[in-house]
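Participant: The following file, upload-v4.cif, comprises mmCIF, C-alpha atoms:
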data_input
#
loop_
_atom_site.label_atom_id
_atom_site.label_comp_id
_atom_site.auth_asym_id
_atom_site.auth_seq_id
_atom_site.Cartn_x
_atom_site.Cartn_y
_atom_site.Cartn_z
CA MET A 1 0.00 0.00 0.00
CA PRO A 2 1.60 3.33 -1.05
CA ILE A 3 2.26 5.78 1.78
CA MET A 4 2.18 9.55 1.37
CA ASP A 5 3.62 10.63 4.71
CA ALA A 6 5.82 8.82 7.22
CA LEU A 7 5.15 11.61 9.75
CA PRO A 8 1.36 12.10 9.75
CA ASP A 9 1.47 13.71 13.19
CA MET A 10 3.50 16.65 11.90
CA LYS A 11 2.17 19.25 9.50
CA ARG A 12 4.86 19.84 6.88
CA GLU A 13 5.19 21.93 3.75
CA LEU A 14 6.69 19.52 1.23
CA LYS A 15 7.31 21.31 -2.04
CA PHE A 16 10.37 22.52 -3.89
CA PHE A 17 11.52 26.07 -3.19
CA PRO A 18 13.66 27.28 -6.12
CA ALA A 19 16.99 28.95 -5.41
CA LYS A 20 16.97 32.67 -6.17
CA ASN A 21 20.33 34.42 -6.39
CA GLU A 22 21.16 37.13 -8.89
CA ASN A 23 24.74 37.53 -7.64
CA PRO A 24 26.17 34.09 -6.80
CA LYS A 25 29.77 34.03 -5.57
CA LYS A 26 30.78 30.46 -6.45
CA LEU A 27 28.09 28.90 -8.62
CA THR A 28 27.22 30.10 -12.10
CA ALA A 29 23.75 31.19 -13.16
CA ASP A 30 23.55 28.03 -15.27
CA GLN A 31 24.36 25.83 -12.28
CA ILE A 32 21.64 27.48 -10.20
CA ARG A 33 19.23 27.05 -13.09
CA GLN A 34 20.14 23.36 -13.28
CA PHE A 35 19.55 22.96 -9.54
CA ASN A 36 16.09 24.45 -9.95
CA GLU A 37 15.21 22.43 -13.06
CA LYS A 38 16.99 19.12 -12.38
CA GLY A 39 17.33 19.17 -8.59
CA TYR A 40 21.10 18.78 -8.35
CA ILE A 41 24.57 20.09 -9.21
CA PHE A 42 27.74 18.01 -9.63
CA PRO A 43 30.69 17.69 -9.61
CA LEU A 44 32.11 20.64 -7.70
CA ASP A 45 35.79 20.75 -6.71
CA VAL A 46 36.63 21.32 -3.04
CA PHE A 47 39.62 19.45 -1.62
CA THR A 48 43.20 19.05 -2.87
CA ALA A 49 44.83 15.66 -3.36
CA ALA A 50 46.63 15.97 -0.03
CA GLU A 51 43.40 16.91 1.74
CA VAL A 52 41.65 13.93 0.13
CA GLU A 53 44.19 11.64 1.81
CA THR A 54 43.62 13.40 5.13
CA ASN A 55 39.84 13.04 4.82
CA ARG A 56 40.17 9.35 3.95
CA ALA A 57 42.58 8.63 6.80
CA TYR A 58 40.20 10.34 9.21
CA PHE A 59 37.26 8.26 8.04
CA ASP A 60 39.33 5.07 8.25
CA ARG A 61 40.14 5.85 11.88
CA ILE A 62 36.53 6.63 12.80
CA MET A 63 35.35 3.52 10.95
CA GLU A 64 37.80 1.40 12.92
CA MET A 65 36.36 2.86 16.14
CA ALA A 66 32.87 1.95 14.97
CA LYS A 67 33.83 -1.61 14.03
CA GLU A 68 35.56 -2.17 17.36
CA ALA A 69 32.26 -1.19 18.99
CA GLY A 70 30.36 -3.74 16.89
CA LEU A 71 28.86 -1.20 14.50
CA ASN A 72 28.60 -1.50 10.71
CA SER A 73 29.80 0.68 7.83
CA TYR A 74 26.58 2.75 7.79
CA SER A 75 26.53 3.47 11.51
CA ILE A 76 28.45 6.77 11.55
CA ASN A 77 25.25 8.76 11.45
CA GLY A 78 24.81 12.04 13.32
CA TRP A 79 28.20 11.92 15.03
CA HIS A 80 29.06 15.59 14.45
CA PRO A 81 28.30 16.59 18.10
CA THR A 82 30.98 14.15 19.32
CA CYS A 83 33.48 14.01 16.43
CA ARG A 84 35.58 17.08 15.78
CA GLY A 85 36.62 15.96 12.30
CA ILE A 86 33.03 15.61 11.06
CA TYR A 87 32.06 18.88 12.77
CA ASP A 88 34.93 20.67 11.02
CA LEU A 89 33.98 19.25 7.62
CA ALA A 90 30.46 20.63 8.11
CA LEU A 91 32.06 24.06 8.66
CA GLU A 92 34.41 23.90 5.66
CA ASP A 93 34.20 27.33 4.04
CA ARG A 94 34.69 26.04 0.51
CA ILE A 95 31.61 23.85 0.92
CA LEU A 96 29.57 26.56 2.63
CA ASP A 97 30.34 29.01 -0.16
CA TYR A 98 28.59 26.71 -2.64
CA VAL A 99 25.64 26.06 -0.33
CA GLN A 100 25.21 29.74 0.47
CA ASP A 101 24.61 30.49 -3.21
CA LEU A 102 21.54 28.23 -3.02
CA LEU A 103 20.21 28.89 0.49
CA GLY A 104 21.41 32.31 1.57
CA GLU A 105 23.88 33.61 4.13
CA ASN A 106 22.40 31.87 7.20
CA LEU A 107 23.09 28.12 7.28
CA ILE A 108 22.22 25.40 9.80
CA CYS A 109 23.46 21.79 9.76
CA THR A 110 21.71 19.16 11.88
CA MET A 111 22.48 15.94 9.99
CA THR A 112 25.64 14.17 8.85
CA HIS A 113 26.09 10.56 7.71
CA TYR A 114 28.91 8.53 6.18
CA PHE A 115 27.55 6.12 3.57
CA CYS A 116 30.29 3.55 3.15
CA LYS A 117 29.76 0.66 0.73
CA GLU A 118 32.49 -1.91 1.25
CA PRO A 119 33.67 -4.03 -1.71
CA GLY A 120 31.08 -6.72 -2.41
CA ASP A 121 28.43 -4.98 -0.26
CA THR A 122 25.07 -6.51 -1.22
CA LYS A 123 22.96 -3.75 0.32
CA GLN A 124 21.26 -1.17 -1.87
CA VAL A 125 19.71 2.21 -1.18
CA THR A 126 16.34 2.07 -2.89
CA TRP A 127 14.82 5.10 -4.61
CA HIS A 128 13.65 7.61 -2.00
CA GLN A 129 13.24 11.28 -1.16
CA ASP A 130 15.12 12.55 1.89
CA ALA A 131 12.26 14.84 2.87
CA SER A 132 10.01 11.84 3.48
CA TYR A 133 12.24 10.79 6.38
CA TRP A 134 12.94 14.08 8.12
CA PRO A 135 10.73 15.84 10.70
CA LEU A 136 11.52 19.22 9.16
CA THR A 137 9.41 21.88 7.48
CA PRO A 138 9.46 23.52 5.00
CA SER A 139 11.47 21.24 2.68
CA LYS A 140 14.43 23.51 2.05
CA VAL A 141 17.27 21.11 2.88
CA VAL A 142 20.24 20.80 0.55
CA THR A 143 22.35 17.65 0.87
CA VAL A 144 26.05 17.89 0.14
CA TRP A 145 27.60 14.52 -0.77
CA LEU A 146 31.37 14.65 -0.24
CA ALA A 147 33.27 11.91 -2.04
CA ILE A 148 35.77 10.28 0.33
CA ASP A 149 36.63 7.73 -2.38
CA ASP A 150 36.29 7.94 -6.14
CA ALA A 151 32.70 7.06 -7.09
CA ASP A 152 31.59 5.59 -10.41
CA GLU A 153 28.90 3.26 -11.65
CA GLU A 154 31.10 0.21 -11.10
CA ASN A 155 31.40 0.79 -7.33
CA SER A 156 27.83 2.02 -6.85
CA ALA A 157 27.83 5.77 -7.39
CA MET A 158 24.63 7.44 -6.23
CA LYS A 159 21.99 7.84 -8.94
CA VAL A 160 19.23 10.44 -9.18
CA ILE A 161 16.05 10.97 -11.18
CA PRO A 162 16.38 14.48 -12.68
CA GLY A 163 13.27 16.61 -12.28
CA SER A 164 11.60 14.34 -9.73
CA HIS A 165 11.88 17.07 -7.09
CA LEU A 166 9.17 19.01 -8.91
CA GLN A 167 6.58 16.32 -8.15
CA GLY A 168 6.24 17.18 -4.46
CA GLN A 169 6.18 14.24 -2.08
CA ILE A 170 6.02 10.96 -3.99
CA PRO A 171 4.19 7.89 -2.61
CA PHE A 172 6.48 5.18 -1.20
CA GLU A 173 6.24 1.81 0.50
CA HIS A 174 8.05 0.36 3.46
CA SER A 175 11.02 -1.62 2.17
CA THR A 176 10.84 -5.40 2.25
CA VAL A 177 13.52 -7.69 3.66
CA GLU A 178 14.13 -8.96 0.14
CA GLU A 179 15.12 -5.48 -1.03
CA ASN A 180 18.08 -5.50 1.39
CA ASN A 181 17.77 -1.76 1.77
CA VAL A 182 20.11 0.35 3.91
CA LEU A 183 17.16 2.62 4.70
CA GLY A 184 13.45 1.86 5.11
CA GLN A 185 11.47 3.42 2.26
CA SER A 186 11.14 2.46 -1.40
CA VAL A 187 9.65 4.44 -4.28
CA HIS A 188 8.72 2.09 -7.12
CA GLN A 189 8.61 3.00 -10.84
CA ALA A 190 10.89 5.94 -10.02
CA GLU A 191 11.47 6.84 -13.66
CA ASP A 192 7.78 7.69 -13.99
CA TYR A 193 8.50 10.81 -11.93
CA GLY A 194 11.31 12.36 -13.99
CA GLU A 195 14.00 11.74 -16.54
CA CYS A 196 16.38 8.79 -17.00
CA PRO A 197 18.68 8.17 -14.01
CA VAL A 198 21.98 10.05 -13.80
CA ALA A 199 24.95 8.60 -11.90
CA PHE A 200 26.98 10.98 -9.75
CA GLU A 201 30.44 9.89 -10.87
CA MET A 202 32.95 11.94 -8.90
CA LYS A 203 36.56 12.02 -7.84
CA ALA A 204 37.43 11.97 -4.16
CA GLY A 205 37.38 15.51 -2.80
CA GLN A 206 34.55 16.64 -5.04
CA ILE A 207 30.98 17.26 -3.88
CA SER A 208 27.48 17.11 -5.29
CA MET A 209 24.45 19.02 -4.03
CA HIS A 210 20.81 17.96 -4.29
CA THR A 211 17.47 19.06 -2.93
CA ASP A 212 15.67 16.98 -0.30
CA LEU A 213 12.82 16.12 -2.71
CA LEU A 214 15.02 14.61 -5.43
CA LEU A 215 14.58 10.86 -5.92
CA HIS A 216 17.92 9.09 -5.49
CA GLY A 217 19.46 5.77 -4.50
CA SER A 218 22.37 3.41 -5.18
CA ASP A 219 22.94 -0.20 -6.19
CA PRO A 220 24.91 -2.89 -4.34
CA ASN A 221 28.66 -2.48 -4.67
CA THR A 222 29.70 -5.53 -6.66
CA SER A 223 33.20 -4.15 -7.33
CA ASN A 224 36.43 -4.76 -5.38
CA ARG A 225 36.66 -1.05 -4.48
CA ARG A 226 35.12 0.79 -1.56
CA ARG A 227 32.77 3.72 -2.17
CA CYS A 228 32.44 6.09 0.73
CA GLY A 229 30.81 9.51 0.91
CA LEU A 230 29.88 11.90 3.69
CA THR A 231 26.50 13.59 3.54
CA LEU A 232 26.16 17.04 5.11
CA ARG A 233 22.64 18.48 5.28
CA TYR A 234 22.10 22.26 5.35
CA PHE A 235 19.07 24.52 5.52
CA PRO A 236 18.14 28.13 6.34
CA PRO A 237 17.09 28.89 9.94
CA GLU A 238 13.39 29.35 9.12
CA VAL A 239 13.15 25.56 8.79
CA ARG A 240 11.61 24.02 11.90
CA GLY A 241 11.81 20.60 13.54
CA ARG A 242 9.24 18.59 15.44
CA ASP A 243 9.71 20.61 18.65
CA PRO A 244 7.94 23.97 18.12
CA LYS A 245 10.17 25.76 20.65
CA GLN A 246 13.74 24.89 19.70
CA GLY A 247 16.11 22.57 17.91
CA SER A 248 19.85 21.94 18.02
CA GLY A 249 22.34 22.11 15.20
CA ILE A 250 25.58 23.63 14.01
CA VAL A 251 25.06 27.28 13.12
CA CYS A 252 27.53 27.09 10.25
CA ARG A 253 27.25 30.60 8.88
CA GLY A 254 25.33 33.72 9.84
CA GLY A 255 22.79 33.13 12.60
CA ASP A 256 19.18 32.58 13.57
CA SER A 257 17.46 35.85 14.47
CA GLU A 258 14.63 33.94 16.18
CA ASN A 259 16.99 31.79 18.27
CA TYR A 260 15.16 28.57 17.44
CA TRP A 261 18.34 26.69 16.52
CA GLN A 262 20.64 26.24 19.51
CA HIS A 263 24.26 26.02 18.43
CA ILE A 264 26.12 22.76 19.09
CA PRO A 265 29.63 23.53 20.39
CA ARG A 266 32.71 22.07 18.70
CA PRO A 267 33.66 18.74 20.30
CA GLU A 268 37.13 18.38 21.76
CA GLY A 269 37.93 15.04 20.15
CA ASP A 270 36.33 12.07 18.43
CA GLN A 271 33.92 9.77 20.23
CA ILE A 272 31.29 7.27 19.20
CA ARG A 273 27.75 8.59 19.39
CA ARG A 274 24.98 6.04 19.80
CA ILE A 275 21.57 7.36 18.71
#
Give the structure from this file in structure tokens form.
Facilitator:
Amino acid sequence: MPIMDALPDMKRELKFFPAKNENPKKLTADQIRQFNEKGYIFPLDVFTAAEVETNRAYFDRIMEMAKEAGLNSYSINGWHPTCRGIYDLALEDRILDYVQDLLGENLICTMTHYFCKEPGDTKQVTWHQDASYWPLTPSKVVTVWLAIDDADEENSAMKVIPGSHLQGQIPFEHSTVEENNVLGQSVHQAEDYGECPVAFEMKAGQISMHTDLLLHGSDPNTSNRRRCGLTLRYFPPEVRGRDPKQGSGIVCRGGDSENYWQHIPRPEGDQIRRI
């Protein structure tokens, strides 16, 4: 049975809000137009080759911590309040400059997640819209996907359905055991809602950006190469969570004039966070 809302107890405004910026500092007018029409932009250069190695070594160390604690390769989810390295990546100015051209000068980050597909990983991420999962309104979240490793179709690069973000919220079903899904929702016949799928093939150190209503997913990684990426989710401070009084997040740039979002301080080191 198709489901229209995973959060029926929360009134949300789920529609696409086009980016409007006549004087972008990093993106071109064509890139902003593509974001509005297709729902995404990629690839965008951020980190140098040396910084790529630093980012990868950091993830390897955090992943080893997770495995020693009995956690899997998808478990590093929402660790920015306890891991300085993730927190600092969320505050990387070169990333924020791109995001600011889409969302404005005030930026909040409340969600981070490493998606690491090990070689031979049989799990998939079925077609879904991020906004269907999140207790946030309105749907103005932009996801940055930072490539920790090179990503291509062979090792399960993320795929998107261009234009699907213009359909509003799309009906989904709870994923079955047989689907072996990393997440819990599945949109079927995804290509009915937009254009042919596009794979986000990127080099490590590059980023993509997509809106929270864009259909996307990834196949099992049948290759002998790992494919890891860090998602960083940003939105303007007028977005609200389930609690009507306040929420907590990293105030990455600018501020919140209404003081709804309480700033998370920078952690001193790196510790596992169990949610």
Participant: Please identify every residue of segment 177-203 of chain A that has at least one atom no farther than 10 Å from an atom of segment 37-55 of chain A, counting only C-alpha atoms, and for each give the shortest atom pair and the distance in Å to one decimal, arranged by chain then increasing number, as a tab-separated table.
Facilitator:
residue	atom	partner	partner_atom	distance
A:Gly194	CA	A:Lys38	CA	9.0
A:Glu195	CA	A:Lys38	CA	9.0
A:Phe200	CA	A:Phe42	CA	7.1
A:Glu201	CA	A:Pro43	CA	7.9
A:Met202	CA	A:Pro43	CA	6.2
A:Lys203	CA	A:Pro43	CA	8.4
Participant: Here is a test: counting all atoms listed in the file, which residue of A:Asp101, A:Asp152, A:Asp60, A:Asp130 is nearest to Thr211 of chain A?
Facilitator: A:Asp130
Participant: Measure the distance from atom CA of Phe172 of chain A to atom CA of Gln189 of chain A in Å and round it to one decimal.
Facilitator: 10.1 Å
Participant: Given all atoms listed in the file, how would the per-residue table for segment 115-200 of chain A near segment 21-36 of chain A read, listing every residue at most 10 Å away with its closest atom pair and distance in Å to one decimal, sorted by chain and number, as JSON lines?
Facilitator:
{"residue": "A:Pro162", "atom": "CA", "partner": "A:Phe35", "partner_atom": "CA", "distance": 9.6}
{"residue": "A:Gly163", "atom": "CA", "partner": "A:Asn36", "partner_atom": "CA", "distance": 8.7}
{"residue": "A:His165", "atom": "CA", "partner": "A:Asn36", "partner_atom": "CA", "distance": 9.0}
{"residue": "A:Leu166", "atom": "CA", "partner": "A:Asn36", "partner_atom": "CA", "distance": 8.9}
Participant: For the provided coordinates, the residues matched by the PyMOL selection byres ((chain A and resi 216-225) around 7) should be stated as a list in words.
Facilitator: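 Taken on the displayed file, the PyMOL selection byres ((chain A and resi 216-225) around 7) yields the residues Lys117, Pro119, Gly120, Asp121, Thr122, Lys123, Gln124, Val125, Thr126, Trp127, His128, Gln129, Glu154, Asn155, Ser156, Ala157, Met158, Lys159, Val160, Ile161, Leu214, Leu215, Arg226 and Arg227 of chain A.
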